[in-house]
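Structure data follow from data30.txt (compact mmCIF, C-alpha atoms):
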# COMPACT_ATOMS: atom_id res chain seq x y z
CA MET Z 265 -4.38 -15.91 -9.25
CA SER Z 266 -6.71 -18.80 -9.75
CA ARG Z 267 -6.88 -21.23 -12.60
CA GLN Z 268 -10.14 -21.89 -14.43
CA GLU Z 269 -11.53 -25.27 -15.38
CA VAL Z 270 -9.44 -27.28 -17.80
CA SER Z 271 -12.30 -28.09 -20.15
CA PRO Z 272 -12.17 -24.71 -21.98
CA LEU Z 273 -8.84 -25.82 -23.41
CA LYS Z 274 -10.92 -27.87 -25.85
CA TRP Z 275 -11.81 -24.70 -27.68
CA LEU Z 276 -8.16 -23.91 -28.17
CA LEU Z 277 -7.86 -27.12 -30.15
CA VAL Z 278 -10.84 -26.17 -32.28
CA SER Z 279 -9.17 -22.81 -32.98
CA VAL Z 280 -6.00 -24.56 -34.05
CA ILE Z 281 -7.90 -26.80 -36.45
CA LEU Z 282 -9.81 -23.91 -38.02
CA LEU Z 283 -6.70 -21.84 -38.43
CA ASN Z 284 -5.03 -24.60 -40.36
CA MET Z 285 -7.70 -25.43 -42.94
CA PRO Z 286 -7.50 -27.19 -45.25
CA ILE Z 287 -6.38 -30.27 -43.38
CA ARG Z 288 -5.70 -33.51 -45.17
CA PRO Z 289 -6.81 -36.92 -43.95
CA VAL Z 290 -4.15 -38.35 -41.70
CA VAL Z 291 -2.52 -41.70 -42.12
CA PRO Z 292 -1.62 -43.81 -39.06
CA PHE Z 293 1.79 -43.33 -37.47
CA PRO Z 294 4.26 -46.05 -38.44
CA ALA Z 295 4.37 -48.84 -35.91
CA ASP Z 296 8.15 -48.67 -35.74
CA ARG Z 297 8.19 -44.98 -34.87
CA PRO Z 298 6.10 -44.11 -31.80
CA GLY Z 299 4.95 -40.55 -32.10
CA GLY Z 300 6.00 -40.26 -35.73
CA ARG Z 301 3.89 -38.40 -38.23
CA GLY Z 302 3.95 -40.94 -41.07
CA ASN Z 303 4.08 -40.18 -44.78
CA ALA Z 304 1.25 -38.93 -46.97
CA THR Z 305 -0.48 -41.49 -49.10
CA SER Z 306 -2.13 -40.98 -52.47
CA GLN Z 307 -5.75 -39.90 -52.35
CA SER Z 308 -8.70 -40.46 -54.61
CA SER Z 309 -10.13 -37.58 -56.62
CA SER Z 310 -12.88 -37.12 -54.06
CA GLN Z 311 -10.23 -36.36 -51.42
CA SER Z 312 -8.24 -33.79 -53.35
CA THR Z 313 -5.84 -31.81 -51.17
CA SER Z 314 -6.90 -28.67 -53.02
CA GLN Z 315 -10.27 -28.77 -51.31
CA SER Z 316 -10.79 -27.00 -47.98
CA GLN Z 317 -12.13 -29.45 -45.46
CA LEU Z 318 -12.14 -30.06 -41.76
CA PRO Z 319 -10.64 -33.30 -40.52
CA SER Z 320 -12.97 -36.21 -40.02
CA GLY Z 321 -15.29 -36.20 -37.02
CA PRO Z 322 -13.59 -39.05 -35.19
CA GLN Z 323 -10.27 -37.19 -35.26
CA ILE Z 324 -11.77 -34.08 -33.71
CA ARG Z 325 -13.65 -36.17 -31.19
CA ALA Z 326 -10.47 -38.03 -30.25
CA ALA Z 327 -8.61 -34.76 -29.68
CA LEU Z 328 -11.40 -33.29 -27.56
CA ASP Z 329 -11.79 -36.51 -25.61
CA TRP Z 330 -8.09 -36.43 -24.84
CA PHE Z 331 -8.58 -33.20 -22.87
CA ALA Z 332 -11.43 -34.68 -20.84
CA ALA Z 333 -9.44 -37.81 -20.06
CA HIS Z 334 -6.26 -35.97 -19.08
CA ARG Z 335 -7.47 -33.10 -16.93
CA ALA Z 336 -5.36 -34.27 -14.00
CA TRP Z 337 -2.25 -34.45 -16.19
CA ILE Z 338 -2.82 -30.91 -17.48
CA ASP Z 339 -3.30 -29.62 -13.93
CA ASP Z 340 -0.16 -31.37 -12.73
CA GLU Z 341 1.95 -30.03 -15.59
CA GLN Z 342 0.64 -26.52 -15.05
CA ALA Z 343 1.56 -26.72 -11.38
CA ARG Z 344 4.97 -28.23 -12.10
CA LEU Z 345 5.88 -25.56 -14.66
CA THR Z 346 4.61 -22.78 -12.40
CA GLU Z 347 6.88 -23.96 -9.59
CA ILE Z 348 9.97 -23.49 -11.78
CA PRO Z 349 11.03 -19.86 -11.22
CA ALA Z 350 11.27 -17.93 -14.49
CA PRO Z 351 11.74 -14.17 -14.14
CA SER Z 352 12.51 -12.43 -17.42
CA PHE Z 353 16.08 -13.24 -18.55
CA GLN Z 354 16.10 -16.27 -16.22
CA GLU Z 355 13.80 -18.67 -18.09
CA SER Z 356 16.34 -21.39 -18.94
CA GLU Z 357 15.23 -23.97 -16.36
CA ARG Z 358 11.57 -23.68 -17.28
CA ALA Z 359 12.51 -23.70 -20.97
CA ALA Z 360 14.31 -27.01 -20.47
CA ALA Z 361 11.19 -28.52 -18.89
CA VAL Z 362 8.96 -27.39 -21.76
CA LYS Z 363 11.49 -28.71 -24.25
CA VAL Z 364 11.16 -32.19 -22.76
CA LEU Z 365 7.35 -32.04 -22.98
CA LEU Z 366 7.35 -30.96 -26.64
CA SER Z 367 9.97 -33.55 -27.55
CA ALA Z 368 7.82 -36.29 -26.02
CA VAL Z 369 5.13 -35.82 -28.68
CA GLY Z 370 7.44 -36.20 -31.65
CA LEU Z 371 7.96 -32.55 -32.54
CA GLU Z 372 11.23 -31.32 -34.04
CA VAL Z 373 12.41 -29.40 -30.99
CA SER Z 374 15.20 -26.85 -30.74
CA THR Z 375 16.24 -23.68 -28.92
CA ASP Z 376 16.86 -20.59 -31.02
CA LYS Z 377 19.42 -17.84 -30.44
CA ALA Z 378 17.00 -15.78 -28.39
CA GLY Z 379 16.32 -18.69 -26.02
CA ASN Z 380 12.86 -19.57 -27.36
CA VAL Z 381 11.96 -23.26 -27.31
CA THR Z 382 10.42 -24.27 -30.64
CA GLY Z 383 8.66 -27.47 -31.65
CA LEU Z 384 7.89 -28.05 -35.32
CA LEU Z 385 4.90 -30.05 -36.51
CA ARG Z 386 5.31 -30.29 -40.28
CA GLY Z 387 2.19 -30.03 -42.38
CA ALA Z 388 1.52 -30.64 -46.04
CA THR Z 389 3.36 -27.38 -46.77
CA ASP Z 390 5.91 -25.27 -44.95
CA LYS Z 391 5.51 -22.26 -47.25
CA GLU Z 392 3.20 -20.80 -44.61
CA ILE Z 393 3.38 -21.57 -40.92
CA VAL Z 394 1.18 -20.94 -37.93
CA ILE Z 395 2.85 -20.11 -34.63
CA LEU Z 396 1.22 -21.21 -31.39
CA SER Z 397 3.00 -19.52 -28.50
CA ALA Z 398 3.04 -19.10 -24.74
CA HIS Z 399 5.61 -17.04 -22.89
CA LEU Z 400 7.95 -18.62 -20.38
CA ASP Z 401 8.68 -15.68 -18.10
CA THR Z 402 6.71 -14.22 -15.21
CA VAL Z 403 6.49 -10.76 -13.66
CA PHE Z 404 7.62 -12.11 -10.28
CA PRO Z 405 11.26 -11.47 -9.27
CA ALA Z 406 13.83 -14.08 -8.34
CA GLY Z 407 13.26 -15.41 -4.84
CA SER Z 408 9.45 -15.30 -5.00
CA ASP Z 409 7.67 -18.23 -3.37
CA VAL Z 410 6.09 -19.95 -6.37
CA LYS Z 411 4.75 -22.98 -4.52
CA VAL Z 412 1.34 -24.01 -5.88
CA HIS Z 413 -1.45 -24.46 -3.35
CA ARG Z 414 -4.49 -26.56 -4.22
CA ASP Z 415 -8.00 -26.35 -2.87
CA LYS Z 416 -10.25 -28.81 -4.68
CA THR Z 417 -10.34 -27.55 -8.31
CA ARG Z 418 -8.60 -24.27 -7.50
CA MET Z 419 -4.85 -23.71 -7.75
CA THR Z 420 -3.13 -20.55 -6.53
CA ALA Z 421 0.45 -19.34 -6.87
CA PRO Z 422 2.38 -16.42 -8.34
CA GLY Z 423 2.29 -16.98 -12.11
CA ILE Z 424 -0.24 -19.83 -12.10
CA SER Z 425 -2.32 -17.87 -14.60
CA ASP Z 426 0.30 -15.72 -16.27
CA ASN Z 427 1.69 -17.77 -17.72
CA GLY Z 428 1.43 -21.23 -16.20
CA ALA Z 429 -1.98 -21.59 -17.85
CA GLY Z 430 -0.64 -20.57 -21.27
CA LEU Z 431 2.23 -23.04 -21.13
CA ALA Z 432 -0.12 -25.83 -20.01
CA ALA Z 433 -2.40 -25.02 -22.95
CA LEU Z 434 0.52 -25.05 -25.37
CA VAL Z 435 1.82 -28.49 -24.39
CA ALA Z 436 -1.72 -29.89 -24.06
CA VAL Z 437 -2.67 -28.83 -27.60
CA ALA Z 438 0.55 -30.34 -28.93
CA ARG Z 439 -0.16 -33.63 -27.21
CA ALA Z 440 -3.84 -33.71 -28.19
CA LEU Z 441 -2.95 -33.22 -31.87
CA HIS Z 442 -0.38 -35.99 -31.52
CA GLU Z 443 -2.76 -38.42 -29.84
CA ALA Z 444 -5.53 -37.73 -32.38
CA ARG Z 445 -3.05 -38.12 -35.27
CA ILE Z 446 -4.09 -34.83 -36.79
CA GLN Z 447 -1.70 -33.63 -39.45
CA PRO Z 448 -2.28 -30.03 -40.55
CA GLN Z 449 -2.08 -28.56 -44.01
CA ARG Z 450 0.11 -25.71 -42.81
CA THR Z 451 3.14 -26.35 -40.65
CA ILE Z 452 2.66 -25.46 -36.98
CA LEU Z 453 5.50 -24.06 -34.87
CA PHE Z 454 4.91 -24.44 -31.14
CA VAL Z 455 6.89 -21.74 -29.32
CA ALA Z 456 7.61 -21.21 -25.63
CA ASN Z 457 9.04 -17.72 -25.94
CA VAL Z 458 11.29 -15.75 -23.63
CA GLY Z 459 11.20 -12.12 -22.57
CA GLU Z 460 7.51 -11.26 -22.82
CA GLU Z 461 7.17 -9.40 -19.55
CA GLY Z 462 8.48 -5.99 -18.50
CA GLU Z 463 12.09 -5.38 -19.40
CA GLY Z 464 11.99 -8.48 -21.58
CA ASP Z 465 10.12 -6.18 -23.99
CA LEU Z 466 8.83 -9.02 -26.19
CA ARG Z 467 12.38 -9.92 -27.23
CA GLY Z 468 11.55 -13.58 -27.91
CA VAL Z 469 8.69 -12.77 -30.27
CA ARG Z 470 10.65 -9.93 -31.86
CA TYR Z 471 13.35 -12.45 -32.73
CA LEU Z 472 10.80 -14.80 -34.31
CA PHE Z 473 9.55 -12.09 -36.64
CA GLU Z 474 12.83 -10.32 -37.34
CA SER Z 475 15.56 -12.96 -37.36
CA GLY Z 476 14.01 -16.40 -36.84
CA ALA Z 477 14.39 -19.16 -39.39
CA TRP Z 478 10.67 -18.94 -40.24
CA SER Z 479 10.28 -15.14 -40.11
CA ASP Z 480 9.38 -14.79 -43.80
CA ARG Z 481 6.73 -17.52 -43.70
CA ILE Z 482 4.63 -16.68 -40.64
CA ASN Z 483 0.99 -16.78 -41.74
CA ALA Z 484 -0.74 -16.55 -38.36
CA PHE Z 485 0.27 -16.08 -34.74
CA VAL Z 486 -1.75 -17.33 -31.76
CA SER Z 487 -0.71 -16.53 -28.21
CA PHE Z 488 -1.94 -18.47 -25.17
CA ASP Z 489 -1.68 -16.05 -22.26
CA GLY Z 490 -3.58 -16.59 -19.03
CA PRO Z 491 -6.67 -18.74 -18.35
CA ASP Z 492 -9.41 -16.59 -19.84
CA VAL Z 493 -11.49 -18.04 -22.66
CA GLU Z 494 -14.33 -15.52 -22.51
CA ARG Z 495 -12.45 -13.16 -24.81
CA ILE Z 496 -10.26 -13.72 -27.85
CA THR Z 497 -8.17 -10.81 -29.08
CA ASN Z 498 -7.95 -11.06 -32.85
CA ALA Z 499 -6.04 -7.87 -33.62
CA ALA Z 500 -2.54 -6.60 -32.98
CA ILE Z 501 -1.94 -4.46 -29.90
CA GLY Z 502 0.87 -1.96 -30.25
CA SER Z 503 3.02 -1.22 -27.22
CA ARG Z 504 5.86 1.09 -26.30
CA ARG Z 505 7.86 0.75 -23.13
CA TYR Z 506 10.09 3.40 -21.64
CA ARG Z 507 12.44 3.90 -18.76
CA ALA Z 508 12.45 7.63 -18.08
CA THR Z 509 15.35 8.78 -15.91
CA PHE Z 510 15.72 12.21 -14.29
CA ARG Z 511 19.10 13.37 -12.98
CA GLY Z 512 20.06 16.35 -10.85
CA LEU Z 513 22.79 17.67 -8.57
CA GLY Z 514 21.48 16.10 -5.39
CA GLY Z 515 22.30 17.39 -1.94
CA HIS Z 516 21.07 17.71 1.64
CA SER Z 517 17.35 18.17 2.22
CA TRP Z 518 17.99 21.21 4.49
CA GLY Z 519 21.23 22.72 3.34
CA ASP Z 520 20.55 22.32 -0.40
CA PHE Z 521 16.81 22.82 -0.38
CA GLY Z 522 15.60 24.32 -3.62
CA VAL Z 523 17.81 22.49 -6.13
CA ALA Z 524 16.01 20.64 -8.90
CA ASN Z 525 14.69 17.35 -7.52
CA PRO Z 526 14.41 14.31 -9.86
CA VAL Z 527 11.70 12.73 -7.69
CA ASN Z 528 9.60 15.87 -7.89
CA ALA Z 529 9.90 15.79 -11.67
CA LEU Z 530 8.99 12.14 -11.82
CA GLY Z 531 5.89 12.68 -9.69
CA LYS Z 532 4.73 15.53 -11.91
CA VAL Z 533 5.00 13.37 -15.02
CA VAL Z 534 2.99 10.59 -13.36
CA SER Z 535 0.32 13.12 -12.42
CA ILE Z 536 0.10 14.45 -15.98
CA LEU Z 537 0.02 10.99 -17.54
CA SER Z 538 -2.72 9.85 -15.16
CA ARG Z 539 -5.03 12.50 -16.63
CA TYR Z 540 -4.59 11.42 -20.24
CA PRO Z 541 -8.06 10.90 -21.81
CA ALA Z 542 -7.49 7.35 -22.98
CA PRO Z 543 -10.34 6.22 -25.25
CA ALA Z 544 -12.26 3.03 -24.58
CA LYS Z 545 -12.40 2.39 -28.35
CA PRO Z 546 -9.86 1.80 -29.65
CA ARG Z 547 -8.79 0.41 -26.29
CA THR Z 548 -5.78 2.38 -25.09
CA THR Z 549 -3.92 2.01 -21.80
CA PHE Z 550 -0.92 3.35 -19.93
CA ASN Z 551 0.83 2.26 -16.77
CA VAL Z 552 3.71 3.36 -14.58
CA GLY Z 553 4.80 -0.02 -13.30
CA LYS Z 554 8.01 0.71 -11.41
CA ILE Z 555 9.56 3.72 -9.69
CA SER Z 556 13.04 3.87 -8.21
CA GLY Z 557 15.55 6.41 -6.96
CA GLY Z 558 16.89 8.22 -3.93
CA THR Z 559 19.04 7.04 -1.03
CA GLY Z 560 17.48 8.47 2.12
CA THR Z 561 14.79 10.63 3.67
CA ASN Z 562 17.05 13.65 4.19
CA VAL Z 563 18.90 13.37 0.88
CA ILE Z 564 17.85 15.13 -2.30
CA PRO Z 565 18.19 12.36 -4.89
CA VAL Z 566 20.66 12.54 -7.73
CA GLU Z 567 18.52 10.25 -9.86
CA ALA Z 568 15.01 8.85 -10.15
CA SER Z 569 13.46 6.67 -12.83
CA MET Z 570 10.20 5.06 -13.81
CA ASP Z 571 9.19 2.24 -16.18
CA VAL Z 572 6.22 3.12 -18.37
CA ASP Z 573 4.03 0.94 -20.56
CA LEU Z 574 1.87 2.46 -23.33
CA ARG Z 575 -0.55 0.36 -25.40
CA SER Z 576 -3.31 0.75 -27.94
CA GLU Z 577 -5.27 -1.26 -30.48
CA ALA Z 578 -4.80 1.56 -33.00
CA GLY Z 579 -1.49 2.79 -34.31
CA ASP Z 580 -2.52 6.43 -34.59
CA GLU Z 581 -3.85 6.45 -31.01
CA LEU Z 582 -0.61 4.90 -29.76
CA GLN Z 583 1.27 7.69 -31.56
CA ARG Z 584 -0.88 10.32 -29.83
CA LEU Z 585 -0.34 8.75 -26.41
CA ASP Z 586 3.38 8.45 -27.06
CA ALA Z 587 3.63 12.10 -28.13
CA PHE Z 588 1.65 13.19 -25.05
CA PHE Z 589 4.04 11.30 -22.76
CA ARG Z 590 7.14 12.76 -24.44
CA ARG Z 591 5.73 16.28 -24.19
CA ALA Z 592 5.04 15.73 -20.50
CA LEU Z 593 8.67 14.76 -19.96
CA ARG Z 594 10.00 17.88 -21.67
CA GLN Z 595 7.46 20.13 -19.95
CA VAL Z 596 8.29 18.84 -16.48
CA VAL Z 597 12.05 19.05 -16.95
CA ASP Z 598 11.70 22.68 -18.03
CA GLU Z 599 9.41 23.49 -15.11
CA GLU Z 600 11.60 21.81 -12.49
CA ASN Z 601 14.68 23.63 -13.72
CA ARG Z 602 12.86 26.94 -14.00
CA PHE Z 603 11.49 26.88 -10.48
CA ALA Z 604 14.62 25.54 -8.84
CA ARG Z 605 15.70 27.95 -6.10
Would you put the structure from the file into structure tokens?
Amino acid sequence: MSRQEVSPLKWLLVSVILLNMPIRPVVPFPADRPGGRGNATSQSSSQSTSQSQLPSGPQIRAALDWFAAHRAWIDDEQARLTEIPAPSFQESERAAAVKVLLSAVGLEVSTDKAGNVTGLLRGATDKEIVILSAHLDTVFPAGSDVKVHRDKTRMTAPGISDNGAGLAALVAVARALHEARIQPQRTILFVANVGEEGEGDLRGVRYLFESGAWSDRINAFVSFDGPDVERITNAAIGSRRYRATFRGLGGHSWGDFGVANPVNALGKVVSILSRYPAPAKPRTTFNVGKISGGTGTNVIPVEASMDVDLRSEAGDELQRLDAFFRRALRQVVDEENRFAR
């Protein structure tokens, strides 16, 4: 997958600033603490912290200019992170690399119990926090050749977009805020989260919301995923993921012909699901992403399974799709058993 131009990352910074209004004027970092955030100073009545205001123009300009001046650095970091293999449940090496990058800009960096790397940028208040996230894992299995190939402004490699681009955006925004000395009103938690893909089943983000130290104070959540900037999704997308497994007696394809066949059942469910009338609005999708089972051409399998992903922008539509899928499972099991010879 190709990577788009780096310049659109500027708009990510603008989004961060808007999300964190009001933002107070920022004092210079102390000279004796490179990368430090400094302490708030008293303000005149005309600069009351109770007023919503954007940061001063020069600060925004400095942050945006940082992106333009460091395009090569962003490209290099994206390539370097992409070349660190990170299948779901095997993200530790890439997590360590991101941890170094977030530490370098003065964030309070740690690794939580789920394996997420977090970097805290304290604002005027920590009663509400904004999470900026990018997932560490990729859909590509261990052993994949993740070498990045460059052709002028184009980079290609497994995972270069999903989610090498997201991780590059995350660390770039953190560094741009640091270089521009922008201190937000709300505290920002930069998160490189684990387990987003497939069997990871969003376990890193689930931990943040259910058990993380900041779970009761999350005010907004922004996810950088892939290179696209043409579309911003500003609503939650519900998902349900299943592994459906069919089991039978098995046997020889000639001598035991007619016994219930798990692969036959699996195929019937896929056929039924493929005809589901998924609406365009609210956007609703389904996918059978993995099928496994059987041991040989002339062997009736004992077991067959499939991994299924169901999604929708609307909760009630997701419920309908989920119910349809469950009915298909029950229907097919009954049919396969009934027609077994």
Interatomic distance (Å, one decimal) between CA of Pro351 in chain Z and CA of Asp401 in chain Z: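 CA of Pro351 in chain Z sits 5.2 Å away from CA of Asp401 in chain Z.
With all atoms listed in the file as the atoms that count, the minimum distance from Asp376 in chain Z to the choices Z:Ala333, Z:Ala350, Z:Ala359, Z:Val410 is reached by Z:Ala359.
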Option closest in space to Phe550 in chain Z, from Z:Phe353, Z:Trp518, Z:Phe588, Z:Tyr471 [counting all atoms listed in the file]: Z:Phe588
Closest of Z:Ala421, Z:Ala378, Z:Gly512, Z:Phe488 to Val458 in chain Z - atom-to-atom distances counting all atoms listed in the file: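 Ranking Z:Ala421, Z:Ala378, Z:Gly512, Z:Phe488 by distance to Val458 in chain Z, first place goes to Z:Ala378.
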Lys411 in chain Z surroundings by only C-alpha atoms, 12 Å radius, close-in-sequence under 5 positions cut, as a list in words: Gln342, Ala343, Arg344, Leu345, Thr346, Glu347, Ile348, Pro349, Met419, Thr420, Ala421, Pro422, Gly423 and Ile424 of chain Z
Pick from Z:Ser503, Z:Thr497, Z:Ser569, Z:Thr389 nearest to Gly531 in chain Z, counting only C-alpha atoms: Z:Ser569
Supply range 477-506 of chain Z as a PDB file, in the coordinates of the input, with N, CA and C atoms built in where the input has gaps.
ATOM      1  N   ALA Z 477      14.279 -18.382 -38.157  1.00  0.00           N
ATOM      2  CA  ALA Z 477      14.390 -19.160 -39.390  1.00  0.00           C
ATOM      3  C   ALA Z 477      13.112 -19.152 -40.209  1.00  0.00           C
ATOM      4  N   TRP Z 478      11.971 -18.885 -39.554  1.00  0.00           N
ATOM      5  CA  TRP Z 478      10.670 -18.940 -40.240  1.00  0.00           C
ATOM      6  C   TRP Z 478      10.067 -17.545 -40.404  1.00  0.00           C
ATOM      7  N   SER Z 479      10.828 -16.496 -40.168  1.00  0.00           N
ATOM      8  CA  SER Z 479      10.280 -15.140 -40.110  1.00  0.00           C
ATOM      9  C   SER Z 479       9.558 -14.712 -41.381  1.00  0.00           C
ATOM     10  N   ASP Z 480       9.997 -15.212 -42.537  1.00  0.00           N
ATOM     11  CA  ASP Z 480       9.380 -14.790 -43.800  1.00  0.00           C
ATOM     12  C   ASP Z 480       8.192 -15.648 -44.204  1.00  0.00           C
ATOM     13  N   ARG Z 481       7.828 -16.617 -43.337  1.00  0.00           N
ATOM     14  CA  ARG Z 481       6.730 -17.520 -43.700  1.00  0.00           C
ATOM     15  C   ARG Z 481       5.627 -17.580 -42.652  1.00  0.00           C
ATOM     16  N   ILE Z 482       5.654 -16.677 -41.691  1.00  0.00           N
ATOM     17  CA  ILE Z 482       4.630 -16.680 -40.640  1.00  0.00           C
ATOM     18  C   ILE Z 482       3.307 -16.196 -41.214  1.00  0.00           C
ATOM     19  N   ASN Z 483       2.309 -17.079 -41.183  1.00  0.00           N
ATOM     20  CA  ASN Z 483       0.990 -16.780 -41.740  1.00  0.00           C
ATOM     21  C   ASN Z 483      -0.002 -16.343 -40.663  1.00  0.00           C
ATOM     22  N   ALA Z 484       0.150 -16.884 -39.469  1.00  0.00           N
ATOM     23  CA  ALA Z 484      -0.740 -16.550 -38.360  1.00  0.00           C
ATOM     24  C   ALA Z 484       0.007 -16.757 -37.055  1.00  0.00           C
ATOM     25  N   PHE Z 485      -0.384 -16.001 -36.038  1.00  0.00           N
ATOM     26  CA  PHE Z 485       0.270 -16.080 -34.740  1.00  0.00           C
ATOM     27  C   PHE Z 485      -0.801 -16.120 -33.661  1.00  0.00           C
ATOM     28  N   VAL Z 486      -0.775 -17.161 -32.841  1.00  0.00           N
ATOM     29  CA  VAL Z 486      -1.750 -17.330 -31.760  1.00  0.00           C
ATOM     30  C   VAL Z 486      -0.984 -17.390 -30.451  1.00  0.00           C
ATOM     31  N   SER Z 487      -1.376 -16.552 -29.507  1.00  0.00           N
ATOM     32  CA  SER Z 487      -0.710 -16.530 -28.210  1.00  0.00           C
ATOM     33  C   SER Z 487      -1.653 -17.012 -27.120  1.00  0.00           C
ATOM     34  N   PHE Z 488      -1.200 -17.992 -26.333  1.00  0.00           N
ATOM     35  CA  PHE Z 488      -1.940 -18.470 -25.170  1.00  0.00           C
ATOM     36  C   PHE Z 488      -1.384 -17.741 -23.947  1.00  0.00           C
ATOM     37  N   ASP Z 489      -2.179 -16.860 -23.371  1.00  0.00           N
ATOM     38  CA  ASP Z 489      -1.680 -16.050 -22.260  1.00  0.00           C
ATOM     39  C   ASP Z 489      -2.768 -15.940 -21.206  1.00  0.00           C
ATOM     40  N   GLY Z 490      -2.589 -16.625 -20.087  1.00  0.00           N
ATOM     41  CA  GLY Z 490      -3.580 -16.590 -19.030  1.00  0.00           C
ATOM     42  C   GLY Z 490      -4.690 -17.607 -19.245  1.00  0.00           C
ATOM     43  N   PRO Z 491      -5.644 -17.698 -18.299  1.00  0.00           N
ATOM     44  CA  PRO Z 491      -6.670 -18.740 -18.350  1.00  0.00           C
ATOM     45  C   PRO Z 491      -7.960 -18.342 -19.030  1.00  0.00           C
ATOM     46  N   ASP Z 492      -8.114 -17.057 -19.360  1.00  0.00           N
ATOM     47  CA  ASP Z 492      -9.410 -16.590 -19.840  1.00  0.00           C
ATOM     48  C   ASP Z 492      -9.751 -17.157 -21.216  1.00  0.00           C
ATOM     49  N   VAL Z 493     -10.993 -17.609 -21.357  1.00  0.00           N
ATOM     50  CA  VAL Z 493     -11.490 -18.040 -22.660  1.00  0.00           C
ATOM     51  C   VAL Z 493     -12.730 -17.257 -23.064  1.00  0.00           C
ATOM     52  N   GLU Z 494     -13.146 -16.319 -22.203  1.00  0.00           N
ATOM     53  CA  GLU Z 494     -14.330 -15.520 -22.510  1.00  0.00           C
ATOM     54  C   GLU Z 494     -14.061 -14.536 -23.642  1.00  0.00           C
ATOM     55  N   ARG Z 495     -12.783 -14.170 -23.823  1.00  0.00           N
ATOM     56  CA  ARG Z 495     -12.450 -13.160 -24.810  1.00  0.00           C
ATOM     57  C   ARG Z 495     -11.256 -13.602 -25.636  1.00  0.00           C
ATOM     58  N   ILE Z 496     -11.371 -13.451 -26.949  1.00  0.00           N
ATOM     59  CA  ILE Z 496     -10.260 -13.720 -27.850  1.00  0.00           C
ATOM     60  C   ILE Z 496      -9.887 -12.411 -28.528  1.00  0.00           C
ATOM     61  N   THR Z 497      -8.650 -12.016 -28.419  1.00  0.00           N
ATOM     62  CA  THR Z 497      -8.170 -10.810 -29.080  1.00  0.00           C
ATOM     63  C   THR Z 497      -7.673 -11.197 -30.461  1.00  0.00           C
ATOM     64  N   ASN Z 498      -8.296 -10.660 -31.486  1.00  0.00           N
ATOM     65  CA  ASN Z 498      -7.950 -11.060 -32.850  1.00  0.00           C
ATOM     66  C   ASN Z 498      -7.352  -9.901 -33.649  1.00  0.00           C
ATOM     67  N   ALA Z 499      -6.707  -8.972 -32.947  1.00  0.00           N
ATOM     68  CA  ALA Z 499      -6.040  -7.870 -33.620  1.00  0.00           C
ATOM     69  C   ALA Z 499      -4.739  -7.563 -32.888  1.00  0.00           C
ATOM     70  N   ALA Z 500      -3.823  -6.940 -33.588  1.00  0.00           N
ATOM     71  CA  ALA Z 500      -2.540  -6.600 -32.980  1.00  0.00           C
ATOM     72  C   ALA Z 500      -2.716  -5.476 -31.973  1.00  0.00           C
ATOM     73  N   ILE Z 501      -1.965  -5.522 -30.894  1.00  0.00           N
ATOM     74  CA  ILE Z 501      -1.940  -4.460 -29.900  1.00  0.00           C
ATOM     75  C   ILE Z 501      -0.538  -3.878 -29.892  1.00  0.00           C
ATOM     76  N   GLY Z 502      -0.438  -2.607 -30.252  1.00  0.00           N
ATOM     77  CA  GLY Z 502       0.870  -1.960 -30.250  1.00  0.00           C
ATOM     78  C   GLY Z 502       1.263  -1.556 -28.847  1.00  0.00           C
ATOM     79  N   SER Z 503       2.548  -1.630 -28.543  1.00  0.00           N
ATOM     80  CA  SER Z 503       3.020  -1.220 -27.220  1.00  0.00           C
ATOM     81  C   SER Z 503       4.355  -0.516 -27.329  1.00  0.00           C
ATOM     82  N   ARG Z 504       4.571   0.421 -26.438  1.00  0.00           N
ATOM     83  CA  ARG Z 504       5.860   1.090 -26.300  1.00  0.00           C
ATOM     84  C   ARG Z 504       6.197   1.140 -24.819  1.00  0.00           C
ATOM     85  N   ARG Z 505       7.430   0.808 -24.519  1.00  0.00           N
ATOM     86  CA  ARG Z 505       7.860   0.750 -23.130  1.00  0.00           C
ATOM     87  C   ARG Z 505       9.073   1.654 -22.945  1.00  0.00           C
ATOM     88  N   TYR Z 506       9.035   2.429 -21.892  1.00  0.00           N
ATOM     89  CA  TYR Z 506      10.090   3.400 -21.640  1.00  0.00           C
ATOM     90  C   TYR Z 506      10.621   3.271 -20.225  1.00  0.00           C
TER      91      TYR Z 506
END
